[in-house]
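As stored in query.txt (compact mmCIF, C-alpha atoms and all ligand atoms):
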# COMPACT_ATOMS: atom_id res chain seq x y z
CA MET X 1 110.25 125.57 77.41
CA THR X 2 108.24 124.38 80.44
CA ASP X 3 104.65 123.40 79.68
CA LEU X 4 103.39 123.33 83.27
CA SER X 5 104.74 124.49 86.66
CA LEU X 6 102.99 123.40 89.85
CA ALA X 7 103.59 123.72 93.58
CA ALA X 8 104.07 120.75 95.91
CA PRO X 9 103.23 122.09 99.39
CA ALA X 10 104.13 120.60 102.76
CA LYS X 11 101.85 119.35 105.55
CA LEU X 12 102.03 119.32 109.31
CA ASN X 13 100.48 116.57 111.41
CA LEU X 14 98.72 118.69 114.06
CA PHE X 15 98.38 115.46 116.03
CA LEU X 16 99.16 111.82 115.19
CA HIS X 17 97.59 108.90 117.05
CA ILE X 18 98.41 105.31 116.25
CA THR X 19 95.32 103.29 117.02
CA GLY X 20 96.30 99.84 115.75
CA ARG X 21 98.29 97.76 113.33
CA ARG X 22 96.97 95.92 110.25
CA SER X 23 98.00 92.41 109.26
CA ASP X 24 100.11 93.85 106.39
CA GLY X 25 102.22 95.80 108.92
CA TYR X 26 100.73 99.24 108.11
CA HIS X 27 99.41 101.19 111.08
CA GLU X 28 95.90 102.47 111.64
CA LEU X 29 96.11 106.09 112.61
CA GLN X 30 94.24 109.29 113.21
CA THR X 31 95.79 112.58 112.22
CA LEU X 32 95.00 116.10 111.13
CA PHE X 33 96.87 117.04 107.98
CA GLN X 34 97.32 120.81 108.02
CA LEU X 35 98.49 122.04 104.61
CA ILE X 36 100.89 125.02 104.62
CA ASP X 37 101.92 127.54 101.99
CA TYR X 38 105.58 126.44 101.87
CA ALA X 39 106.28 124.34 98.80
CA ASP X 40 108.61 122.77 96.27
CA GLN X 41 107.97 123.81 92.67
CA LEU X 42 107.84 121.21 89.90
CA HIS X 43 108.20 121.91 86.17
CA PHE X 44 106.89 119.51 83.53
CA THR X 45 107.59 119.46 79.79
CA ALA X 46 106.18 116.87 77.39
CA ARG X 47 108.61 114.69 75.39
CA ARG X 48 107.88 112.61 72.32
CA ASP X 49 109.71 109.38 73.08
CA GLY X 50 107.75 108.10 76.11
CA GLU X 51 110.72 108.55 78.48
CA ILE X 52 110.43 109.95 82.02
CA VAL X 53 113.50 112.03 82.89
CA LEU X 54 113.97 113.87 86.19
CA HIS X 55 116.72 116.41 85.52
CA THR X 56 117.29 117.46 89.14
CA ALA X 57 119.66 115.19 91.08
CA PHE X 58 118.84 114.30 94.72
CA ALA X 59 121.71 113.42 97.05
CA GLY X 60 121.27 109.81 98.18
CA VAL X 61 118.22 109.03 96.01
CA ALA X 62 118.68 107.15 92.73
CA HIS X 63 116.69 108.42 89.72
CA GLU X 64 114.42 105.37 89.60
CA ASP X 65 113.79 105.50 93.38
CA ASN X 66 112.71 109.11 93.37
CA LEU X 67 109.03 109.38 94.23
CA ILE X 68 108.59 111.80 91.32
CA VAL X 69 109.82 109.19 88.84
CA ARG X 70 107.94 106.37 90.58
CA ALA X 71 104.69 108.36 90.47
CA ALA X 72 105.22 109.22 86.79
CA ARG X 73 105.87 105.55 85.93
CA LEU X 74 102.78 104.48 87.87
CA LEU X 75 100.64 106.82 85.80
CA GLN X 76 102.39 105.77 82.61
CA ARG X 77 101.63 102.09 83.36
CA ARG X 78 98.01 102.93 84.06
CA ALA X 79 97.57 105.08 80.93
CA GLY X 80 99.59 103.08 78.42
CA ASP X 81 100.91 105.07 75.49
CA VAL X 82 101.99 108.52 76.76
CA PRO X 83 104.44 111.08 75.35
CA GLY X 84 106.78 111.01 78.39
CA ALA X 85 108.04 114.02 80.32
CA ASP X 86 111.06 116.06 81.35
CA ILE X 87 110.71 117.07 85.00
CA ARG X 88 112.64 119.59 87.07
CA ILE X 89 112.16 120.60 90.70
CA ASP X 90 113.12 123.53 92.89
CA LYS X 91 113.50 121.68 96.20
CA ARG X 92 112.82 123.60 99.42
CA LEU X 93 111.24 121.00 101.70
CA PRO X 94 113.68 119.12 103.95
CA MET X 95 113.96 115.41 103.09
CA GLY X 96 112.95 112.93 105.76
CA GLY X 97 111.46 115.86 107.61
CA GLY X 98 108.00 114.48 108.38
CA ILE X 99 106.35 117.28 106.44
CA GLY X 100 105.57 115.12 103.42
CA GLY X 101 108.06 116.40 100.86
CA GLY X 102 108.38 113.18 98.88
CA SER X 103 104.67 112.41 99.09
CA SER X 104 103.72 115.90 97.95
CA ASN X 105 106.16 115.69 95.01
CA ALA X 106 104.49 112.43 93.99
CA ALA X 107 101.01 113.95 94.24
CA THR X 108 101.96 116.99 92.17
CA THR X 109 103.55 114.73 89.57
CA LEU X 110 100.33 112.71 89.25
CA ILE X 111 98.14 115.82 88.96
CA GLY X 112 100.61 117.53 86.61
CA LEU X 113 101.10 114.61 84.22
CA ASN X 114 97.39 113.79 84.23
CA ARG X 115 96.95 117.28 82.78
CA LEU X 116 100.01 117.35 80.54
CA TRP X 117 99.11 113.98 78.99
CA GLN X 118 95.39 114.85 78.93
CA LEU X 119 94.42 111.57 80.57
CA GLY X 120 91.28 112.87 82.27
CA LEU X 121 91.65 110.71 85.39
CA LYS X 122 89.48 111.85 88.29
CA ARG X 123 90.98 112.94 91.60
CA GLY X 124 89.62 109.81 93.34
CA GLU X 125 91.24 107.57 90.71
CA LEU X 126 94.61 109.27 91.23
CA MET X 127 94.26 108.88 95.01
CA GLN X 128 93.55 105.17 94.69
CA LEU X 129 96.46 104.70 92.31
CA ALA X 130 98.82 106.54 94.68
CA THR X 131 98.00 104.98 98.05
CA PRO X 132 100.27 101.91 97.64
CA LEU X 133 103.12 104.27 96.72
CA GLY X 134 102.71 106.28 99.93
CA ALA X 135 100.05 106.64 102.61
CA ASP X 136 100.57 110.41 102.70
CA ILE X 137 100.06 111.02 98.98
CA PRO X 138 96.21 111.12 98.81
CA VAL X 139 95.86 114.20 101.04
CA PHE X 140 98.09 116.18 98.69
CA ILE X 141 96.09 115.03 95.66
CA GLY X 142 92.92 116.14 97.48
CA GLY X 143 94.55 119.51 98.18
CA GLN X 144 92.55 120.17 101.35
CA THR X 145 93.47 120.30 105.02
CA ALA X 146 91.83 117.13 106.35
CA TRP X 147 91.13 114.84 109.25
CA ALA X 148 92.51 111.42 108.31
CA GLU X 149 91.93 107.85 109.41
CA GLY X 150 92.74 104.39 108.05
CA ILE X 151 96.43 104.42 107.11
CA GLY X 152 96.05 108.14 106.42
CA GLU X 153 94.04 107.77 103.20
CA ARG X 154 90.46 108.12 104.57
CA LEU X 155 90.08 111.88 104.43
CA THR X 156 87.49 114.35 105.71
CA PRO X 157 88.18 118.01 104.85
CA ILE X 158 88.15 120.17 107.97
CA GLU X 159 88.37 123.88 108.77
CA THR X 160 91.17 124.82 111.16
CA PRO X 161 91.94 128.18 112.81
CA ARG X 162 93.96 130.50 110.54
CA LEU X 163 97.41 130.28 112.11
CA TRP X 164 101.03 130.84 111.23
CA TYR X 165 103.59 128.16 111.94
CA LEU X 166 107.28 128.23 112.77
CA ILE X 167 108.80 124.99 111.49
CA LEU X 168 112.29 123.93 112.59
CA ALA X 169 114.26 121.25 110.78
CA PRO X 170 116.83 119.64 113.13
CA LYS X 171 119.82 118.39 111.16
CA CYS X 172 119.04 114.69 111.30
CA HIS X 173 117.15 112.35 109.01
CA VAL X 174 114.42 110.19 110.56
CA SER X 175 113.30 107.12 108.61
CA THR X 176 109.52 106.65 108.77
CA ALA X 177 109.92 102.88 108.31
CA THR X 178 112.35 102.63 111.25
CA ILE X 179 109.98 104.45 113.61
CA PHE X 180 106.89 102.50 112.53
CA SER X 181 108.68 99.18 112.99
CA HIS X 182 110.27 100.05 116.38
CA LYS X 183 109.29 97.84 119.29
CA ASP X 184 108.84 100.79 121.66
CA LEU X 185 106.29 102.67 119.51
CA THR X 186 102.92 103.26 121.22
CA ARG X 187 100.30 101.58 119.03
CA ASP X 188 97.16 101.43 121.17
CA THR X 189 95.87 104.97 121.52
CA ARG X 190 92.08 105.05 121.73
CA PRO X 191 90.40 106.77 118.78
CA ILE X 192 89.20 110.33 119.47
CA LYS X 193 86.50 112.50 117.92
CA VAL X 194 87.17 115.81 116.14
CA ALA X 195 85.63 117.68 119.09
CA ALA X 196 88.20 116.23 121.51
CA PHE X 197 91.03 117.49 119.30
CA SER X 198 89.41 120.92 118.94
CA GLN X 199 89.27 121.17 122.75
CA GLY X 200 93.02 120.74 122.95
CA GLY X 201 93.34 116.94 122.97
CA GLY X 202 95.76 114.89 120.92
CA GLN X 203 99.49 114.28 120.76
CA ASN X 204 102.04 112.77 118.39
CA ASP X 205 102.51 109.14 119.42
CA CYS X 206 105.84 108.95 117.58
CA GLU X 207 107.28 111.93 119.46
CA PRO X 208 108.56 110.25 122.67
CA LEU X 209 110.34 107.53 120.69
CA VAL X 210 111.90 109.93 118.16
CA ARG X 211 113.00 112.27 120.98
CA ALA X 212 114.67 109.35 122.73
CA LEU X 213 116.46 108.23 119.56
CA TYR X 214 117.41 111.68 118.21
CA PRO X 215 118.73 114.27 120.71
CA GLU X 216 118.55 116.88 117.90
CA VAL X 217 114.75 116.54 117.83
CA ASP X 218 114.54 116.54 121.62
CA ASN X 219 116.59 119.76 121.82
CA ALA X 220 114.51 121.42 119.11
CA LEU X 221 111.29 120.74 121.02
CA ILE X 222 112.76 121.94 124.30
CA TRP X 223 113.84 125.17 122.58
CA LEU X 224 110.52 125.70 120.78
CA ARG X 225 108.47 125.14 123.94
CA ASN X 226 110.00 128.35 125.30
CA PHE X 227 107.81 130.09 122.76
CA SER X 228 104.74 127.86 122.71
CA PRO X 229 103.37 125.09 124.93
CA HIS X 230 101.76 123.70 121.76
CA ALA X 231 105.05 122.90 120.01
CA ARG X 232 104.98 119.41 118.53
CA MET X 233 106.72 117.08 116.09
CA SER X 234 105.24 116.47 112.63
CA GLY X 235 104.84 112.91 111.32
CA THR X 236 107.80 110.79 112.31
CA GLY X 237 110.01 113.89 112.47
CA ALA X 238 112.51 115.32 112.26
CA CYS X 239 110.65 118.65 111.86
CA VAL X 240 108.99 120.28 114.85
CA PHE X 241 106.55 123.17 114.71
CA ALA X 242 104.67 125.70 116.83
CA PRO X 243 101.54 127.71 116.00
CA PHE X 244 101.39 131.51 116.27
CA ASP X 245 98.56 133.99 115.84
CA SER X 246 100.57 136.27 113.59
CA GLU X 247 103.34 136.08 111.02
CA SER X 248 105.46 138.57 112.95
CA GLU X 249 105.37 136.49 116.17
CA ALA X 250 106.53 133.43 114.24
CA HIS X 251 109.34 135.39 112.56
CA ASN X 252 110.36 136.88 115.89
CA ALA X 253 110.85 133.38 117.34
CA LEU X 254 112.68 132.19 114.20
CA ALA X 255 115.11 135.12 114.45
CA GLN X 256 116.19 133.81 117.88
CA ALA X 257 116.75 130.21 116.77
CA PRO X 258 120.28 128.85 117.23
CA PRO X 259 122.33 128.08 114.09
CA GLU X 260 121.84 124.31 114.41
CA LEU X 261 118.09 124.82 114.03
CA PRO X 262 117.32 126.11 110.53
CA GLY X 263 113.66 126.81 109.95
CA PHE X 264 110.99 128.75 108.14
CA VAL X 265 107.63 130.40 108.69
CA ALA X 266 104.51 129.30 106.82
CA LYS X 267 100.79 130.01 106.83
CA GLY X 268 98.23 127.26 107.43
CA ILE X 269 95.97 126.97 104.36
CA SER X 270 92.66 125.16 103.91
CA HIS X 271 93.23 124.54 100.18
CA SER X 272 96.46 124.05 98.26
CA PRO X 273 96.97 125.25 94.66
CA LEU X 274 96.31 121.64 93.57
CA PHE X 275 92.74 121.78 94.85
CA ASP X 276 91.58 123.71 91.78
CA LEU X 277 93.33 121.37 89.34
CA GLY X 278 91.75 118.00 90.10
CA SER X 279 88.34 117.02 88.77
CA ASP X 280 85.98 115.10 91.06
C1 LIG M 301 104.02 109.41 109.51
C2 LIG M 301 103.16 110.01 108.42
O1 LIG M 301 103.90 110.93 107.66
C3 LIG M 301 102.00 110.76 109.04
O2 LIG M 301 101.39 111.61 108.13
C4 LIG M 301 102.66 108.94 107.49
O3 LIG M 301 101.88 108.00 108.20
C5 LIG M 301 103.76 108.27 106.70
O4 LIG M 301 103.34 108.24 105.38
P1 LIG M 301 104.34 107.89 104.19
O5 LIG M 301 105.68 108.49 104.43
O6 LIG M 301 103.62 108.22 102.92
O7 LIG M 301 104.44 106.34 104.40
P2 LIG M 301 104.74 105.20 103.34
O8 LIG M 301 105.77 105.67 102.36
O9 LIG M 301 103.44 104.64 102.84
O10 LIG M 301 105.42 104.12 104.33
C6 LIG M 301 106.67 104.35 104.94
C7 LIG M 301 106.82 103.37 106.07
O11 LIG M 301 105.94 103.66 107.15
C8 LIG M 301 105.09 102.58 107.45
N1 LIG M 301 103.71 103.07 107.64
C9 LIG M 301 103.28 104.16 106.94
C10 LIG M 301 101.99 104.64 107.13
C11 LIG M 301 101.15 103.95 108.04
N2 LIG M 301 99.90 104.35 108.23
N3 LIG M 301 101.61 102.88 108.71
C12 LIG M 301 102.89 102.43 108.53
O12 LIG M 301 103.29 101.46 109.16
C13 LIG M 301 105.15 101.66 106.25
O13 LIG M 301 105.06 100.32 106.65
C14 LIG M 301 106.52 101.93 105.66
O14 LIG M 301 107.48 101.12 106.26
N1 LIG M 302 110.99 113.51 95.56
C1 LIG M 302 111.43 113.17 96.78
N2 LIG M 302 111.51 114.11 97.75
C2 LIG M 302 111.94 113.78 98.99
N3 LIG M 302 112.34 112.56 99.34
C3 LIG M 302 112.27 111.58 98.43
C4 LIG M 302 111.83 111.85 97.11
N4 LIG M 302 111.87 110.71 96.43
C5 LIG M 302 112.33 109.77 97.26
N5 LIG M 302 112.59 110.27 98.46
C6 LIG M 302 113.08 109.49 99.62
O1 LIG M 302 112.00 109.40 100.57
C7 LIG M 302 112.46 109.69 101.88
C8 LIG M 302 111.32 110.33 102.69
O2 LIG M 302 111.02 111.51 102.07
P1 LIG M 302 109.98 112.55 102.62
O3 LIG M 302 110.55 113.92 102.48
O4 LIG M 302 108.63 112.30 102.00
O5 LIG M 302 109.90 112.11 104.13
P2 LIG M 302 109.09 112.75 105.18
O6 LIG M 302 109.28 114.22 105.11
O7 LIG M 302 109.43 112.05 106.45
O8 LIG M 302 107.62 112.48 104.70
P3 LIG M 302 106.39 111.87 105.40
O9 LIG M 302 105.86 112.91 106.31
O10 LIG M 302 105.49 111.61 104.21
O11 LIG M 302 106.87 110.62 106.09
C9 LIG M 302 113.65 110.62 101.69
O12 LIG M 302 114.55 110.52 102.74
C10 LIG M 302 114.24 110.13 100.37
O13 LIG M 302 115.19 109.10 100.61

Would you kindly transcribe this structure into structure tokens?
Ligand SMILES: C[C@](O)(CO)[C@H](O)COP(=O)(O)OP(=O)(O)OC[C@H]1O[C@@H](n2ccc(N)nc2=O)[C@H](O)[C@@H]1O
Ligand SMILES: Nc1ncnc2c1ncn2[C@@H]1O[C@H](COP(=O)(O)OP(=O)(O)OP(=O)(O)O)[C@@H](O)[C@H]1O
Amino acid sequence: MTDLSLAAPAKLNLFLHITGRRSDGYHELQTLFQLIDYADQLHFTARRDGEIVLHTAFAGVAHEDNLIVRAARLLQRRAGDVPGADIRIDKRLPMGGGIGGGSSNAATTLIGLNRLWQLGLKRGELMQLATPLGADIPVFIGGQTAWAEGIGERLTPIETPRLWYLILAPKCHVSTATIFSHKDLTRDTRPIKVAAFSQGGGQNDCEPLVRALYPEVDNALIWLRNFSPHARMSGTGACVFAPFDSESEAHNALAQAPPELPGFVAKGISHSPLFDLGSD
């Protein structure tokens, strides 16, 4: 019997500027993390023997490399003696899609096991613990749509217009590490203020490079721009998205998508279900 089931929602990077590079190789960036109501679902059950067992197999990802298992072990190391957990996941988010699937799974695991094991760690403590595991994890632990700086971990919650998004997942896998280490990546965008973004400024600095390397992403953006001039890539891709005022407009566009462009429609949300679970 499952003790706790929690969602792990996706994010879109409404824009992504790379403003510099730190001495440890990580990039300084500015982005707006828009949370959406499209999610994986994780199920946690306590064990008695201290083991962490993920029962759902992922193609191409070893058990110990899975961000769910790595997050659970991180918390276990921090907490010491814990009962362990059986974990299952209903996976919907495309892997390597730039919409934060792995990071969100890790965040939900930390919030879920913190509750299941009754550790009482505060949200800020979980965020700090998680940042070395993935720069995108803190925003999911926070559970709020946010403006982000630093390597993506300095977060300021922000209200965004209530929009629907059509997200397309071209059938290619883009490695975040490959894009961030590429010689042709633009790394010197000047920082902007929130107001400049709200007035229509901002772009995704990874987009030109990923489009050049992956024709599937390029074609997806060309197709989507027939419906919206605001179509953009999320993160380091491969997913691209466009905003719509209504759910029906987004579904109407999705219905016309060619077979090589699977996708889904999601609503932008200001708070995820995890927001109510963390304690500050
Ligand atoms: C592209 C974004 O998804 C935008 O939200 C994130 O910046 C990526 O976040 P993430 O997938 O959680 O990234 P990590 O797992 O921490 O790092 C993956 C790879 O991207 C590089 N990386 C990541 C974030 C960042 N600010 N600068 C980087 O250079 C890291 O060096 C690493 O090689
Ligand atoms: N639980 C997990 N879910 C998805 N991918 C995972 C998971 N654990 C490990 N991975 C590995 O991490 C890689 C990146 O996964 P993820 O879905 O987070 O990328 P992404 O969508 O590009 O995310 P981001 O926007 O954070 O860069 C995957 O290709 C996979 O090899």

- Exercise: Leu75 (chain X) partners within 9 Å, only C-alpha atoms, chain neighbours under 4 positions left out, as JSON, numbers by chain: {"X": [70, 71, 79, 80, 110, 113, 114, 126, 129]}

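Near Gly152 (chain X), within a cut-off of 12 Å and counting only C-alpha atoms, sit the residues Asn13, Leu16, His17, Ile18, Thr19, Tyr26, His27, Glu28, Leu29, Gln30, Thr31, Leu32, Phe33, Met127, Thr131, Pro132, Gly134, Ala135, Asp136, Ile137, Pro138, Val139, Phe140, Ala146, Trp147, Ala148, Thr156 and Gly235 of chain X, with same-chain residues fewer than 4 positions away left out.
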
Mind dumping the selected residues with C-alpha atoms as a compact mmCIF listing (two decimals), in the coordinates of the input?
# COMPACT_ATOMS: atom_id res chain seq x y z
CA ASN X 13 100.48 116.57 111.41
CA LEU X 16 99.16 111.82 115.19
CA HIS X 17 97.59 108.90 117.05
CA ILE X 18 98.41 105.31 116.25
CA THR X 19 95.32 103.29 117.02
CA TYR X 26 100.73 99.24 108.11
CA HIS X 27 99.41 101.19 111.08
CA GLU X 28 95.90 102.47 111.64
CA LEU X 29 96.11 106.09 112.61
CA GLN X 30 94.24 109.29 113.21
CA THR X 31 95.79 112.58 112.22
CA LEU X 32 95.00 116.10 111.13
CA PHE X 33 96.87 117.04 107.98
CA MET X 127 94.26 108.88 95.01
CA THR X 131 98.00 104.98 98.05
CA PRO X 132 100.27 101.91 97.64
CA GLY X 134 102.71 106.28 99.93
CA ALA X 135 100.05 106.64 102.61
CA ASP X 136 100.57 110.41 102.70
CA ILE X 137 100.06 111.02 98.98
CA PRO X 138 96.21 111.12 98.81
CA VAL X 139 95.86 114.20 101.04
CA PHE X 140 98.09 116.18 98.69
CA ALA X 146 91.83 117.13 106.35
CA TRP X 147 91.13 114.84 109.25
CA ALA X 148 92.51 111.42 108.31
CA THR X 156 87.49 114.35 105.71
CA GLY X 235 104.84 112.91 111.32

Each side padded by 6 Å, which centre and which edge lengths in Å (one decimal) define the axis-aligned box around the listed atoms of region 50-63 of chain X? Give them as JSON.
{"center_x": 114.7, "center_y": 112.3, "center_z": 87.1, "size_x": 26.0, "size_y": 22.3, "size_z": 34.1}

- Surrounding residues as a count of residues only, ligand LIG 302 (chain M), max 9 Å, only C-alpha atoms and all ligand atoms: 47

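Coordinates place CA of Leu42 (chain X) at a distance of 25.0 Å from CA of Pro170 (chain X).
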
- Task: Considering all atoms listed in the file, return as a count of residues only whatever protein or nucleic-acid residues lie within 12 Å of region 45-51 of chain X, sequence-local ones (same chain, fewer than 6 positions apart) excluded.
- Result: 30

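The shortest atom-to-atom distance to ligand LIG 301 (chain M), with all atoms listed in the file taken into account, belongs to X:Leu14 out of X:Ala257, X:Ala212, X:Leu14, X:Ile36.
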
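The shortest atom-to-atom distance to Arg92 (chain X), with only C-alpha atoms taken into account, belongs to X:Pro9 out of X:Pro229, X:Gly20, X:Pro9, X:Pro161.
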
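The residues that lie within 8 Å of the point (107.7, 105.8, 115.2), counting only C-alpha atoms, are Thr176, Ala177, Thr178, Ile179, Phe180, Ser181, His182, Leu185, Asp205, Cys206, Glu207, Leu209, Val210 and Thr236 of chain X.
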
Near region 221-226 of chain X, 10 Å: region 124-201 of chain X residue rows, closest pairs, all atoms listed in the file, as JSON lines:
{"residue": "X:Leu166", "atom": "CA", "partner": "X:Leu224", "partner_atom": "CA", "distance": 9.0}
{"residue": "X:Ile167", "atom": "CA", "partner": "X:Leu224", "partner_atom": "CA", "distance": 9.5}
{"residue": "X:Leu168", "atom": "CA", "partner": "X:Leu224", "partner_atom": "CA", "distance": 8.6}
{"residue": "X:Pro170", "atom": "CA", "partner": "X:Leu221", "partner_atom": "CA", "distance": 9.7}

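You can rank X:Arg123, X:Arg162, X:His55, X:Arg187 by their closest distance to ligand LIG 301 (chain M) using all atoms listed in the file, and at the top of that list sits X:Arg187.
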
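Proximity ranking of X:Ala130, X:Ala195, X:Ile158, X:Leu261 relative to ligand LIG 301 (chain M) places X:Ala130 first, based on only C-alpha atoms and all ligand atoms.
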
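Separating CA of Pro262 (chain X) from CA of Val217 (chain X) is a distance of 12.3 Å.
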
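Atom pair CA of Val194 (chain X) / CA of Thr145 (chain X) has a distance of 13.5 Å (rounded to one decimal).
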